[in-house]
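Student: Have a look at this one.
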Amino acid sequence: MEHPLLIPKRYLLPMAVFGLVVVLFGAYMMLVHWNFGDLTGNIVIDLGIVFSAISWVIVITDIFRNRNKYSVFWIVGMILFGSITTILYLIRRKEKTN
């Protein structure tokens, strides 16, 4: 039996993409030394990591709840490639609809 995600996919996928984009933008801000008042690259990266970590924890929980033969590969991919694997998992995951 397939368990549903803790947060619906229509909310979780944009949150994971947003987290990745914000982290990349924060890294760019640090490279070019941009500051917008008190908003620095470090703060932007921290914000992106929070969104990415929330989606990461929910996807890890979903992988353990819905065991299949590729679970280990998804976990290893998330450890090695982080948010990109999280986004790919959410795109490929089939939602069970009644």
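To be explicit about the labels: the chains of the structure tokens are called A, B, and onward in the order shown, and within each one the residues are counted from 1, while ligands get numbers from 1 in the order they are shown.
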Might you pull out every residue within 12 Å of segment 52-69 of chain A, with only C-alpha atoms counted and same-chain residues fewer than 4 positions away left off, and present them as a ChimeraX atom specification?

Tutor: /A:1-9,11-24,45-48,73-79,81-91,93-96

Student: Can you list, as number ranges by chain, every residue of segment 6-64 of chain A that DSSP puts in helix (DSSP H, G or I)?

Tutor: A: 9-32, 41-64
